[in-house]
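As provided, model20.pdb (PDB, C-alpha atoms) reads as follows.
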ATOM      1  CA  MET A   9     159.783 224.109 247.537
ATOM      2  CA  ALA A  10     159.587 221.983 244.375
ATOM      3  CA  VAL A  11     156.606 222.233 242.064
ATOM      4  CA  GLU A  12     154.692 218.978 241.946
ATOM      5  CA  ASN A  13     153.102 217.821 238.709
ATOM      6  CA  LYS A  14     149.445 216.982 239.232
ATOM      7  CA  PHE A  15     148.303 216.520 235.645
ATOM      8  CA  ALA A  16     149.623 215.017 232.451
ATOM      9  CA  TYR A  17     148.676 214.441 228.854
ATOM     10  CA  PHE A  18     149.863 211.817 226.440
ATOM     11  CA  VAL A  19     150.291 212.420 222.714
ATOM     12  CA  ASP A  20     150.476 209.313 220.548
ATOM     13  CA  ARG A  21     153.183 208.862 217.958
ATOM     14  CA  SER A  22     150.979 210.152 215.151
ATOM     15  CA  GLY A  23     150.313 213.391 217.033
ATOM     16  CA  ARG A  24     146.571 213.013 216.354
ATOM     17  CA  GLN A  25     145.337 211.476 219.614
ATOM     18  CA  VAL A  26     145.728 213.041 223.059
ATOM     19  CA  THR A  27     144.806 211.482 226.401
ATOM     20  CA  VAL A  28     144.377 213.924 229.292
ATOM     21  CA  GLY A  29     144.093 213.290 233.020
ATOM     22  CA  THR A  30     145.590 213.377 236.440
ATOM     23  CA  LEU A  31     149.202 212.338 236.667
ATOM     24  CA  LYS A  32     148.238 209.135 238.468
ATOM     25  CA  ASP A  33     145.650 208.140 235.845
ATOM     26  CA  ILE A  34     147.944 208.815 232.889
ATOM     27  CA  GLU A  35     150.920 206.982 234.377
ATOM     28  CA  GLN A  36     148.757 203.917 235.141
ATOM     29  CA  MET A  37     147.767 203.519 231.492
ATOM     30  CA  ASP A  38     149.569 201.306 229.021
ATOM     31  CA  LEU A  39     150.007 204.018 226.414
ATOM     32  CA  GLY A  40     152.502 202.460 224.058
ATOM     33  CA  ARG A  41     154.651 204.817 222.048
ATOM     34  CA  GLY A  42     154.348 208.545 222.318
ATOM     35  CA  GLN A  43     155.183 211.346 224.713
ATOM     36  CA  ILE A  44     153.867 212.235 228.180
ATOM     37  CA  TYR A  45     153.814 215.929 229.092
ATOM     38  CA  TYR A  46     153.579 216.897 232.767
ATOM     39  CA  CYS A  47     151.727 219.949 234.116
ATOM     40  CA  ASP A  48     151.566 221.475 237.581
ATOM     41  CA  SER A  49     148.095 222.990 237.156
ATOM     42  CA  GLU A  50     144.908 222.494 235.192
ATOM     43  CA  GLN A  51     145.569 225.839 233.483
ATOM     44  CA  ALA A  52     148.977 224.639 232.253
ATOM     45  CA  LEU A  53     147.330 221.422 231.087
ATOM     46  CA  LEU A  54     144.725 223.418 229.180
ATOM     47  CA  GLN A  55     147.388 225.517 227.454
ATOM     48  CA  GLY A  56     149.342 222.431 226.429
ATOM     49  CA  VAL A  57     146.342 220.592 224.981
ATOM     50  CA  LYS A  58     144.655 223.570 223.294
ATOM     51  CA  GLU A  59     146.872 223.409 220.185
ATOM     52  CA  TYR A  60     145.789 219.800 219.598
ATOM     53  CA  TYR A  61     142.135 220.773 220.052
ATOM     54  CA  HIS A  62     142.468 223.449 217.367
ATOM     55  CA  LYS A  63     144.082 220.903 215.026
ATOM     56  CA  GLU A  64     140.947 218.744 215.498
ATOM     57  CA  CYS A  65     142.840 215.890 217.119
ATOM     58  CA  ILE A  66     141.041 213.250 219.152
ATOM     59  CA  ILE A  67     141.144 214.284 222.813
ATOM     60  CA  THR A  68     140.148 211.748 225.446
ATOM     61  CA  LEU A  69     139.680 212.628 229.105
ATOM     62  CA  ARG A  70     140.977 209.837 231.327
ATOM     63  CA  SER A  71     139.976 211.648 234.539
ATOM     64  CA  PRO A  72     136.765 213.557 235.289
ATOM     65  CA  MET A  73     137.553 217.249 234.712
ATOM     66  CA  ASN A  74     134.390 219.180 233.867
ATOM     67  CA  ASN A  75     136.034 222.619 233.995
ATOM     68  CA  PHE A  76     138.732 221.438 231.609
ATOM     69  CA  LYS A  77     136.174 220.373 228.998
ATOM     70  CA  GLU A  78     134.349 223.697 229.230
ATOM     71  CA  ASN A  79     137.514 225.798 229.018
ATOM     72  CA  LEU A  80     139.039 223.822 226.150
ATOM     73  CA  SER A  81     136.272 224.805 223.749
ATOM     74  CA  ARG A  82     136.535 228.550 224.528
TER      75      ARG A  82
END
Output the structure of this file as structure tokens.
Amino acid sequence: MAVENKFAYFVDRSGRQVTVGTLKDIEQMDLGRGQIYYCDSEQALLQGVKEYYHKECIITLRSPMNNFKENLSR
């Protein structure tokens, strides 16, 4: 059985702004230039975004994910 990506995050070209959300929400956005990273779980999403959080990048949540916000700051 193939793993299905449920979440994604977009990093802009400067590497200073990250947009996080469900796969559907991220792919519906007109994001311009940058890179989309796909994740199969919220935990994988958290691990991918954490390095940007520690670099004090701007992180925007496109989808409501209360647990993600709480866990990111730990």
**Request:** Go through A:Thr27, A:Gln51, A:Thr68, A:Asn75 one by one, measure the shortest atom-to-atom distance of each to Leu39 (chain A) using only C-alpha atoms, and give the residue with the smallest value.
**Result:**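 Among the listed residues, the smallest separation from Leu39 (chain A) belongs to A:Thr27.
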**Prompt:** Quick one: which residues end up in the PyMOL selection byres ((chain A and resi 20) around 10) for this structure, as a ChimeraX atom specification?
**Reply:** /A:17-19,21-27,39-44
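Comparing the minimum interatomic distances between Ser71 (chain A) and each of A:Asp48, A:Val28, A:Val57, A:Lys14, counting all atoms listed in the file, we find that A:Val28 sits nearest.
One distance worth recording is that between CA of Lys63 (chain A) and CA of Ile34 (chain A), which is 21.9 Å.
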**For CA of Pro72 (chain A) and CA of Thr30 (chain A), the interatomic separation in Å (one decimal)** =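 Here the two named atoms are 8.9 Å from each other.
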**Asked** With all atoms listed in the file as the atoms that count, which of A:Ser81, A:Asn74, A:Asp38, A:Gly29 lies nearest to Glu59 (chain A)?
**Response**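 Result for the nearest residue to Glu59 (chain A): A:Ser81.
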**Request:** For the structure shown, which residues end up in the PyMOL selection byres ((chain A and resi 46) around 6)? Put them as a list in words, please?
**Result:**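 Applying the expression gives Ala16, Tyr45 and Cys47 of chain A.
Taking CA of Met73 (chain A) and CA of Leu53 (chain A) as endpoints, the distance between them is 11.2 Å.
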**Message:** Here is a test: counting all atoms listed in the file, which residue of A:Met37, A:Phe15, A:Glu50, A:Leu80 is nearest to His62 (chain A)?
**Reply:**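 Going through A:Met37, A:Phe15, A:Glu50, A:Leu80 one by one, the smallest distance to His62 (chain A) is for A:Leu80.
Proximity to Ile67 (chain A) was assessed for A:Glu12, A:Asp33, A:Ser49, A:Leu54 counting only C-alpha atoms; the smallest distance is recorded for A:Leu54.
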